[in-house]
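Participant: Dropping a structure here in structure tokens format, bear with me for questions.
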Amino acid sequence: MPASSLDELVALCKRRGFIFQGSEIYGGLQGTYDYGPLGVELKNNLKQAWWRRNVYERDDMEGLDASVLTHRLVLYYSGHEATFADPMVDNRISKKRYRLDHLLKEQPEEVLRRLYRAMEVEEDNLHALVQAMMQAPERAGGAMTAAGVLDPATAEPGDWTPPRYFNMMFKTYVGPVEDEASLAYLRPETAQGIFVNFKNVLDSTSRKLPFGIAQIGKAFRNEITPRNFIFRVREFEQMEIEYFVRPGEDEYWHRYWVEERLRWWQEMGLSRDNLVPYEQPPEELAHYAKATVDILYRFPHGLEELEGIANRTDFDLGSHTKDQEELGITARVLKNEHSTARLAYRDPDTGKWFVPYVIEPSAGVDRGVLALLSEAFTREELPNGEERIVLKLKPQLAPIKVAVIPLVRNRPEITEYAKRLKARLQALGLGRILYEDTGNIGKAYRRHDEVGTPFAITVDYDTIGQSKDGTTRLKDTVTVRDRDTMEQIRLHVEELEGFLREKLRW
């Protein structure tokens with residue numbers, strides 16, 4: 001059963017070294033988190049699984065790792081400088097600041113009804129309400145106060161300012177002089193690095209449509225109110241694909257990628273019951289999108305976006321290309337007076353140039369980690385009445401694949417054998433193999449249940465040829481315990497490679 005509350009996951013992550021608050025010893029930096037010894041393994045395993053599926057196992061995909069520092073013009077022509085903003089509002093009493101749409105979602109129904117009436121908006125359309133409030137901010141601030149909008153921090157009605165837009169991009173300066181000429185941004189998404197490299201990739205690989213470019217990397221957004229642990233943060237990682245197709249084939253490929261991404265998340269261990277495709281209505285679509293389907297997940301804090309798959313038409317390449325007027329661009333784009341590259345595709349049959357449409361599956365790595373932890377978290381009552389917490393992660397994703405445990409710590413023959421076995425298994429390249437030297441086998445099992453280790457191998461007296469019956473028939477055998485069933489089998493050490501490869505292969 002998935003975790004019932006976010007607090008359960010936060011406590012587990014801190015206790016077992018998955019995730020820590022960023023800059024914790026100085027009071028923490030809101031919206032930042034550090035991945036600990038086990039968290040970085042889980043995160044890397046998820047990223048590697050995504051890369052394997054989308055780059056190595058496909059014949060129509062290339063990889064990229066673009067710069068985090070981004071030229072200002074990239075984000076000017078992409079529309080980010082003008083539109084990458086969230087609605088923000090302040091409570092004059094508590095001095096707290098909130099993202100308007102998030103604040104309204106948390107309000108009691110009677111408060112929202114008063115707001116809908118005050119702003120003359122049809123009820124149960126939160127998106128339309130926010131739009132109306134941003135178009136009349138002075139009226140909206142007064143309406144919020146009159147309606148008794150509650151401050152989540154105090155649970156008391158607030159005295160609200162007129163809402164205003166806040167651009168979420170992090171600015172920086174390149175070089176020793178801080179002026180407009182040296183202004184740059186930390187990228188707010190990985191996508192733009194793909195678009196501006198379209199011609200480079202196309203020229204160096206001679207790809208034919210359809211094909212995609214995949215990238216995993218950090219992005220930065222100055223969120224107004226980071227919240228829900230690693231779900232909404234200011235520094236995060238994305239796994240994004242920009243899949244380029246012919247106009248007219250875009251709807252087929254959009255449907256294809258929605259189904260493909262749903263399948264993949266299920267293969268990672270997420271229940272289909274907890275994955276909810278949501279097709280955005282026209283009023284919610286981004287300005288560049290023809291259609292967007294969000295894959296929502298039932299997180300402990302509610303049903304929220306895990307991944308979005310957007311049909312971005314020819315907006316992105318059309319925004320960044322030169323010779324715009326010659327390419328028949330269908331999207332509304334800014335006139336580009338700076339680009340030096342034609343970001344278009346020449347039809348090999350007709351010789352005609354056109355701007356490809358793009359389908360974008362975009363997933364958050366951190367949200368993926370949170371979903372995996374939530375889905376895997378299981379609290380079980382054992383036959384003896386005791387309780388155990390176990391992370392039933394897919395074995396391939398588990399931070400530690402195998403724990404090698406000597407039965408006792410005070411017998412060098414056993415501990416040295418266990419260390420040699422650990423080194424031998426580590427050399428197989430299956431992932432992290434841990435030598436666990438605690439001296440208490442029961443506690444070791446429970447600890448590895450809680451961090452999701454699928455297999456625990458115990459080296460005991462039988463292993464070194466000192467069985468209680470005086471024989472050596474079990475020499476060089478070990479017990480292998482299964483995390484989920486807690487069943488144990490005995491295998492010869494020469495059988496371990498085949499056993500583990502079979503269990504840990506995708």
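In the structure tokens, the first chain shown is A, the next is B, and so on; residue numbers restart at 1 for each chain, and ligands run from 1 in the order shown.
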Show me, as a list in words, the residues that have an atom within 9 Å of Thr70 in chain A when counting only C-alpha atoms, minus same-chain residues fewer than 2 positions from it.

Facilitator: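 Neighbouring residues, sequence-local ones excluded: Ser67, Val68, Arg72, Leu73, Val74, Leu75, Ala184, Tyr185, Leu186, Arg187, Gln192 and Gly193 of chain A.
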
Participant: Within 7 Å of range 129-131 of chain A, counting only C-alpha atoms, which residues show up once you throw out same-chain ones fewer than 5 positions away? Write them as a ChimeraX atom specification, please.

Facilitator: /A:101,116,121

Participant: Using only C-alpha atoms, which of A:Leu500, A:Leu407, A:Ala11, A:Ile489 sits nearest Ile433 in chain A?

Facilitator: A:Leu500

Participant: Write out as a PDB file with N, CA, C and O atoms, in the first residue's frame the set of residues from range 157-225 of chain A that DSSP, computed on the backbone, places in strand (DSSP E).

Facilitator:
```pdb
ATOM      1  N   PRO A 157      -8.658  34.743   8.142  1.00  0.00           N
ATOM      2  CA  PRO A 157      -8.834  35.589   6.956  1.00  0.00           C
ATOM      3  C   PRO A 157      -7.705  36.613   6.850  1.00  0.00           C
ATOM      4  O   PRO A 157      -7.220  37.132   7.861  1.00  0.00           O
ATOM      5  N   ARG A 164      -0.311  39.957  -8.605  1.00  0.00           N
ATOM      6  CA  ARG A 164       0.563  40.419  -9.672  1.00  0.00           C
ATOM      7  C   ARG A 164       1.380  39.245 -10.181  1.00  0.00           C
ATOM      8  O   ARG A 164       1.523  38.229  -9.487  1.00  0.00           O
ATOM      9  N   TYR A 165       1.932  39.394 -11.368  1.00  0.00           N
ATOM     10  CA  TYR A 165       2.737  38.330 -11.953  1.00  0.00           C
ATOM     11  C   TYR A 165       4.188  38.428 -11.472  1.00  0.00           C
ATOM     12  O   TYR A 165       4.713  39.518 -11.259  1.00  0.00           O
ATOM     13  N   PHE A 166       4.802  37.262 -11.328  1.00  0.00           N
ATOM     14  CA  PHE A 166       6.186  37.170 -10.871  1.00  0.00           C
ATOM     15  C   PHE A 166       6.945  36.250 -11.814  1.00  0.00           C
ATOM     16  O   PHE A 166       6.591  35.073 -11.964  1.00  0.00           O
ATOM     17  N   ASN A 167       7.971  36.768 -12.494  1.00  0.00           N
ATOM     18  CA  ASN A 167       8.763  35.948 -13.406  1.00  0.00           C
ATOM     19  C   ASN A 167       9.679  35.034 -12.604  1.00  0.00           C
ATOM     20  O   ASN A 167      10.404  35.485 -11.713  1.00  0.00           O
ATOM     21  N   PHE A 170      15.726  32.575 -12.811  1.00  0.00           N
ATOM     22  CA  PHE A 170      16.873  33.046 -12.040  1.00  0.00           C
ATOM     23  C   PHE A 170      17.830  33.791 -12.974  1.00  0.00           C
ATOM     24  O   PHE A 170      18.341  33.227 -13.936  1.00  0.00           O
ATOM     25  N   LYS A 171      18.101  35.057 -12.656  1.00  0.00           N
ATOM     26  CA  LYS A 171      19.041  35.845 -13.445  1.00  0.00           C
ATOM     27  C   LYS A 171      20.464  35.686 -12.908  1.00  0.00           C
ATOM     28  O   LYS A 171      20.669  35.457 -11.719  1.00  0.00           O
ATOM     29  N   THR A 172      21.421  35.830 -13.788  1.00  0.00           N
ATOM     30  CA  THR A 172      22.822  35.903 -13.378  1.00  0.00           C
ATOM     31  C   THR A 172      23.555  36.761 -14.407  1.00  0.00           C
ATOM     32  O   THR A 172      22.952  37.235 -15.369  1.00  0.00           O
ATOM     33  N   TYR A 173      24.838  36.983 -14.169  1.00  0.00           N
ATOM     34  CA  TYR A 173      25.633  37.801 -15.082  1.00  0.00           C
ATOM     35  C   TYR A 173      26.888  37.037 -15.473  1.00  0.00           C
ATOM     36  O   TYR A 173      27.534  36.385 -14.641  1.00  0.00           O
ATOM     37  N   LEU A 183      23.745  39.995 -18.982  1.00  0.00           N
ATOM     38  CA  LEU A 183      22.660  39.262 -18.343  1.00  0.00           C
ATOM     39  C   LEU A 183      22.448  37.906 -19.002  1.00  0.00           C
ATOM     40  O   LEU A 183      22.441  37.783 -20.229  1.00  0.00           O
ATOM     41  N   ALA A 184      22.303  36.887 -18.188  1.00  0.00           N
ATOM     42  CA  ALA A 184      21.967  35.539 -18.655  1.00  0.00           C
ATOM     43  C   ALA A 184      21.038  34.914 -17.629  1.00  0.00           C
ATOM     44  O   ALA A 184      20.729  35.512 -16.592  1.00  0.00           O
ATOM     45  N   TYR A 185      20.572  33.715 -17.915  1.00  0.00           N
ATOM     46  CA  TYR A 185      19.648  33.027 -17.012  1.00  0.00           C
ATOM     47  C   TYR A 185      20.132  31.611 -16.734  1.00  0.00           C
ATOM     48  O   TYR A 185      20.796  30.984 -17.582  1.00  0.00           O
ATOM     49  N   LEU A 186      19.782  31.101 -15.547  1.00  0.00           N
ATOM     50  CA  LEU A 186      19.834  29.662 -15.334  1.00  0.00           C
ATOM     51  C   LEU A 186      18.601  29.089 -16.017  1.00  0.00           C
ATOM     52  O   LEU A 186      17.491  29.584 -15.806  1.00  0.00           O
ATOM     53  N   PHE A 211      12.324  11.962 -35.650  1.00  0.00           N
ATOM     54  CA  PHE A 211      13.399  11.589 -34.738  1.00  0.00           C
ATOM     55  C   PHE A 211      13.312  12.499 -33.517  1.00  0.00           C
ATOM     56  O   PHE A 211      12.643  13.540 -33.535  1.00  0.00           O
ATOM     57  N   GLY A 212      13.996  12.084 -32.448  1.00  0.00           N
ATOM     58  CA  GLY A 212      13.940  12.850 -31.221  1.00  0.00           C
ATOM     59  C   GLY A 212      15.313  13.152 -30.654  1.00  0.00           C
ATOM     60  O   GLY A 212      16.312  12.526 -31.023  1.00  0.00           O
ATOM     61  N   ILE A 213      15.346  14.123 -29.773  1.00  0.00           N
ATOM     62  CA  ILE A 213      16.544  14.456 -29.001  1.00  0.00           C
ATOM     63  C   ILE A 213      16.153  14.394 -27.530  1.00  0.00           C
ATOM     64  O   ILE A 213      15.176  15.024 -27.107  1.00  0.00           O
ATOM     65  N   ALA A 214      16.913  13.628 -26.761  1.00  0.00           N
ATOM     66  CA  ALA A 214      16.616  13.406 -25.340  1.00  0.00           C
ATOM     67  C   ALA A 214      17.667  14.088 -24.481  1.00  0.00           C
ATOM     68  O   ALA A 214      18.845  14.142 -24.840  1.00  0.00           O
ATOM     69  N   GLN A 215      17.229  14.567 -23.321  1.00  0.00           N
ATOM     70  CA  GLN A 215      18.148  15.234 -22.405  1.00  0.00           C
ATOM     71  C   GLN A 215      17.665  15.071 -20.964  1.00  0.00           C
ATOM     72  O   GLN A 215      16.464  15.146 -20.696  1.00  0.00           O
ATOM     73  N   ILE A 216      18.616  14.847 -20.075  1.00  0.00           N
ATOM     74  CA  ILE A 216      18.364  14.859 -18.640  1.00  0.00           C
ATOM     75  C   ILE A 216      19.228  15.951 -18.046  1.00  0.00           C
ATOM     76  O   ILE A 216      20.435  16.010 -18.326  1.00  0.00           O
ATOM     77  N   GLY A 217      18.653  16.815 -17.226  1.00  0.00           N
ATOM     78  CA  GLY A 217      19.489  17.858 -16.644  1.00  0.00           C
ATOM     79  C   GLY A 217      18.744  18.743 -15.675  1.00  0.00           C
ATOM     80  O   GLY A 217      17.518  18.677 -15.541  1.00  0.00           O
ATOM     81  N   LYS A 218      19.514  19.580 -14.989  1.00  0.00           N
ATOM     82  CA  LYS A 218      18.978  20.490 -13.988  1.00  0.00           C
ATOM     83  C   LYS A 218      18.269  21.677 -14.646  1.00  0.00           C
ATOM     84  O   LYS A 218      18.668  22.158 -15.707  1.00  0.00           O
ATOM     85  N   ALA A 219      17.217  22.132 -13.981  1.00  0.00           N
ATOM     86  CA  ALA A 219      16.531  23.365 -14.351  1.00  0.00           C
ATOM     87  C   ALA A 219      16.218  24.123 -13.068  1.00  0.00           C
ATOM     88  O   ALA A 219      16.224  23.547 -11.972  1.00  0.00           O
ATOM     89  N   PHE A 220      15.937  25.411 -13.204  1.00  0.00           N
ATOM     90  CA  PHE A 220      15.803  26.273 -12.038  1.00  0.00           C
ATOM     91  C   PHE A 220      14.596  27.190 -12.209  1.00  0.00           C
ATOM     92  O   PHE A 220      14.458  27.862 -13.239  1.00  0.00           O
TER      93      PHE A 220
END
```

Participant: Any chance you could list, as a list of chain:residue names, the residues in range 411-466 of chain A that come up alpha helix (DSSP H) when DSSP is run on the backbone?

Facilitator: A:Pro412, A:Glu413, A:Ile414, A:Thr415, A:Glu416, A:Tyr417, A:Ala418, A:Lys419, A:Arg420, A:Leu421, A:Lys422, A:Ala423, A:Arg424, A:Leu425, A:Gln426, A:Ile441, A:Gly442, A:Lys443, A:Ala444, A:Tyr445, A:Arg446, A:Arg447, A:His448, A:Asp449, A:Glu450, A:Val451

Participant: Phe377 in chain A: which residues within 12 Å, counting only C-alpha atoms, same-chain residues fewer than 6 positions away excluded, as an MDAnalysis selection string?

Facilitator: chainID A and resid 1:6 8:13 269:270 299:300 370:371 388:394 449:452 484

Participant: May I have the residues within 10 Å of Leu430 in chain A as a list in words, using only C-alpha atoms and disregarding those fewer than 2 positions away in the same chain?

Facilitator: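 Residues meeting the cut-off are Gln396, Ile400, Lys401, Val402, Leu425, Gln426, Ala427, Leu428, Arg432, Ile433, Glu497, Leu500, Arg501, Leu504 and Arg505 of chain A.
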
Participant: Taking N, CA and C atoms for each residue, export the selection above as an mmCIF file, in the first residue's frame.

Facilitator:
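Final output, saved to out_34.cif:
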```cif
data_model
loop_
_atom_site.group_PDB
_atom_site.id
_atom_site.type_symbol
_atom_site.label_atom_id
_atom_site.label_comp_id
_atom_site.auth_asym_id
_atom_site.auth_seq_id
_atom_site.Cartn_x
_atom_site.Cartn_y
_atom_site.Cartn_z
ATOM 1 N N GLN A 396 15.482 -3.539 -9.967
ATOM 2 C CA GLN A 396 16.433 -2.828 -10.821
ATOM 3 C C GLN A 396 16.628 -1.378 -10.383
ATOM 4 N N ILE A 400 20.418 -0.175 -3.267
ATOM 5 C CA ILE A 400 21.368 -1.255 -2.997
ATOM 6 C C ILE A 400 20.764 -2.526 -3.570
ATOM 7 N N LYS A 401 21.484 -3.189 -4.437
ATOM 8 C CA LYS A 401 20.939 -4.389 -5.073
ATOM 9 C C LYS A 401 21.066 -5.611 -4.172
ATOM 10 N N VAL A 402 22.189 -5.700 -3.485
ATOM 11 C CA VAL A 402 22.449 -6.863 -2.638
ATOM 12 C C VAL A 402 23.204 -6.406 -1.395
ATOM 13 N N LEU A 425 30.858 -9.814 -6.341
ATOM 14 C CA LEU A 425 29.551 -9.434 -6.870
ATOM 15 C C LEU A 425 29.564 -8.008 -7.403
ATOM 16 N N GLN A 426 30.302 -7.120 -6.748
ATOM 17 C CA GLN A 426 30.373 -5.734 -7.219
ATOM 18 C C GLN A 426 30.959 -5.672 -8.610
ATOM 19 N N ALA A 427 31.891 -6.557 -8.905
ATOM 20 C CA ALA A 427 32.550 -6.559 -10.211
ATOM 21 C C ALA A 427 31.617 -6.968 -11.345
ATOM 22 N N LEU A 428 30.447 -7.499 -11.011
ATOM 23 C CA LEU A 428 29.496 -7.897 -12.053
ATOM 24 C C LEU A 428 28.821 -6.696 -12.709
ATOM 25 N N ARG A 432 24.995 -1.160 -6.890
ATOM 26 C CA ARG A 432 25.714 -1.121 -5.623
ATOM 27 C C ARG A 432 25.481 -2.391 -4.814
ATOM 28 N N ILE A 433 26.578 -3.013 -4.390
ATOM 29 C CA ILE A 433 26.559 -4.163 -3.490
ATOM 30 C C ILE A 433 27.157 -3.687 -2.176
ATOM 31 N N GLU A 497 25.882 -15.413 -9.604
ATOM 32 C CA GLU A 497 25.897 -14.521 -10.759
ATOM 33 C C GLU A 497 24.673 -14.748 -11.636
ATOM 34 N N LEU A 500 21.387 -13.575 -9.788
ATOM 35 C CA LEU A 500 21.212 -12.132 -9.678
ATOM 36 C C LEU A 500 21.006 -11.471 -11.039
ATOM 37 N N ARG A 501 21.721 -11.931 -12.039
ATOM 38 C CA ARG A 501 21.509 -11.355 -13.367
ATOM 39 C C ARG A 501 20.074 -11.572 -13.838
ATOM 40 N N LEU A 504 17.741 -9.208 -11.777
ATOM 41 C CA LEU A 504 17.964 -7.765 -11.886
ATOM 42 C C LEU A 504 17.952 -7.245 -13.319
ATOM 43 N N ARG A 505 17.686 -8.115 -14.269
ATOM 44 C CA ARG A 505 17.646 -7.629 -15.654
ATOM 45 C C ARG A 505 16.280 -6.991 -15.931
#
```

Participant: Please report the interatomic distance between CA of Asp469 in chain A and CA of Tyr417 in chain A in Å with one decimal.

Facilitator: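 Separating CA of Asp469 in chain A from CA of Tyr417 in chain A is a distance of 20.9 Å.
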
Participant: Excluding same-chain residues fewer than 2 positions from Arg246 in chain A, what lies within 8 Å of it counting only C-alpha atoms, as a list in words?

Facilitator: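 In the requested form, the answer reads Leu209, Pro210, Phe244, Gly248, Glu249, Asp250, Pro356 and Tyr357 of chain A.
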
Participant: Taking 6 positions as the minimum chain separation for residues in the same chain, which residues sit within 12 Å of Glu260 in chain A when counting only C-alpha atoms? Answer as a list in words.

Facilitator: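 My reading of the contact set: Trp50, Arg53, Asn54, Trp253, His254, Gln266, Glu267, Ile295, Ile309 and Pro361 of chain A.
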
Participant: Keeping only N, CA, C and O atoms, write the selected residues as a short mmCIF file (atom, residue, chain, number, x, y, z; two decimals), in the first residue's frame.

Facilitator:
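Full text of selection19.cif as output:
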```cif
data_model
loop_
_atom_site.label_atom_id
_atom_site.label_comp_id
_atom_site.auth_asym_id
_atom_site.auth_seq_id
_atom_site.Cartn_x
_atom_site.Cartn_y
_atom_site.Cartn_z
N TRP A 50 15.42 5.52 -17.76
CA TRP A 50 14.81 6.39 -18.76
C TRP A 50 15.71 6.51 -19.99
O TRP A 50 15.24 6.42 -21.12
N ARG A 53 15.76 3.28 -22.05
CA ARG A 53 14.54 3.06 -22.81
C ARG A 53 14.43 4.00 -24.01
O ARG A 53 14.07 3.59 -25.12
N ASN A 54 14.78 5.26 -23.81
CA ASN A 54 14.49 6.26 -24.83
C ASN A 54 15.64 6.55 -25.79
O ASN A 54 15.39 7.08 -26.88
N TRP A 253 1.56 11.04 -33.36
CA TRP A 253 2.72 10.88 -32.49
C TRP A 253 2.43 11.39 -31.08
O TRP A 253 2.99 10.86 -30.11
N HIS A 254 1.57 12.35 -30.93
CA HIS A 254 1.19 12.78 -29.59
C HIS A 254 0.49 11.65 -28.84
O HIS A 254 0.83 11.35 -27.69
N GLN A 266 4.50 2.49 -15.58
CA GLN A 266 4.03 1.24 -15.00
C GLN A 266 5.17 0.23 -14.89
O GLN A 266 5.26 -0.49 -13.90
N GLU A 267 6.02 0.20 -15.89
CA GLU A 267 7.18 -0.71 -15.83
C GLU A 267 8.13 -0.33 -14.71
O GLU A 267 8.86 -1.18 -14.18
N ILE A 295 0.17 13.38 -17.28
CA ILE A 295 0.05 12.13 -16.53
C ILE A 295 0.09 12.50 -15.06
O ILE A 295 1.13 12.92 -14.54
N ILE A 309 2.87 15.65 -21.66
CA ILE A 309 3.19 15.35 -23.06
C ILE A 309 2.46 16.37 -23.92
O ILE A 309 1.23 16.37 -24.00
N PRO A 361 7.48 14.95 -24.48
CA PRO A 361 7.26 14.29 -23.19
C PRO A 361 8.27 14.84 -22.18
O PRO A 361 9.48 14.72 -22.37
#
```

Participant: Which residues, written as JSON, numbers by chain, have at least one atom at most 12 Å from Asp347 in chain A, with only C-alpha atoms counted and residues fewer than 3 positions away on the same chain left out?

Facilitator: {"A": [207, 208, 209, 210, 245, 246, 344, 350, 351, 352, 353, 354, 355, 356]}

Participant: Please produce a file of those selected residues containing N, CA and C atoms, as a CSV table (one decimal), in the first residue's frame.

Facilitator:
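Now in out27.csv:
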```csv
chain,number,residue,atom,x,y,z
A,207,ARG,N,19.9,12.7,-39.5
A,207,ARG,CA,18.7,12.0,-39.1
A,207,ARG,C,17.6,12.4,-40.1
A,208,LYS,N,16.6,11.5,-40.3
A,208,LYS,CA,15.4,11.7,-41.0
A,208,LYS,C,14.2,11.7,-40.1
A,209,LEU,N,13.2,12.5,-40.5
A,209,LEU,CA,12.0,12.6,-39.6
A,209,LEU,C,11.3,11.3,-39.7
A,210,PRO,N,10.6,10.9,-38.6
A,210,PRO,CA,10.6,11.5,-37.3
A,210,PRO,C,11.8,11.1,-36.5
A,245,VAL,N,8.5,15.8,-35.9
A,245,VAL,CA,7.6,15.1,-36.8
A,245,VAL,C,7.2,16.0,-37.9
A,246,ARG,N,6.6,15.4,-39.0
A,246,ARG,CA,6.1,16.2,-40.1
A,246,ARG,C,4.7,16.8,-39.6
A,344,ALA,N,15.2,24.2,-39.7
A,344,ALA,CA,14.1,23.6,-40.6
A,344,ALA,C,14.7,22.3,-41.2
A,350,THR,N,11.0,16.3,-52.1
A,350,THR,CA,10.5,17.5,-52.8
A,350,THR,C,11.6,18.6,-52.8
A,351,GLY,N,12.5,18.6,-51.9
A,351,GLY,CA,13.5,19.6,-51.7
A,351,GLY,C,12.9,20.8,-51.0
A,352,LYS,N,11.7,20.8,-50.5
A,352,LYS,CA,11.1,21.9,-49.9
A,352,LYS,C,11.5,22.0,-48.4
A,353,TRP,N,11.8,23.2,-47.9
A,353,TRP,CA,12.1,23.4,-46.5
A,353,TRP,C,10.8,23.6,-45.7
A,354,PHE,N,10.7,23.0,-44.5
A,354,PHE,CA,9.6,23.3,-43.6
A,354,PHE,C,10.1,23.1,-42.2
A,355,VAL,N,9.3,23.7,-41.2
A,355,VAL,CA,9.7,23.6,-39.8
A,355,VAL,C,8.9,22.4,-39.2
A,356,PRO,N,9.6,21.5,-38.7
A,356,PRO,CA,8.9,20.3,-38.1
A,356,PRO,C,8.1,20.7,-36.9
```

Participant: Nearest to Arg298 in chain A among A:Ala153, A:Val365, A:Leu372, A:Ile25, with distances taken over only C-alpha atoms: which residue is it?

Facilitator: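 Nearest candidate to Arg298 in chain A out of A:Ala153, A:Val365, A:Leu372, A:Ile25: A:Leu372.
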
Participant: Which residue, A:Leu327, A:Lys105, A:Phe229, A:Gly22, has the smallest gap to Asp7 in chain A when you use only C-alpha atoms?

Facilitator: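 Distance minimum relative to Asp7 in chain A lands on A:Phe229.
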
Participant: Find, counting only C-alpha atoms, the residue in A:Leu421, A:Ile441, A:Val276, A:Leu46 that gets nearest to Arg367 in chain A.

Facilitator: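 Once distances to Arg367 in chain A are computed over only C-alpha atoms, the minimum belongs to A:Leu46.
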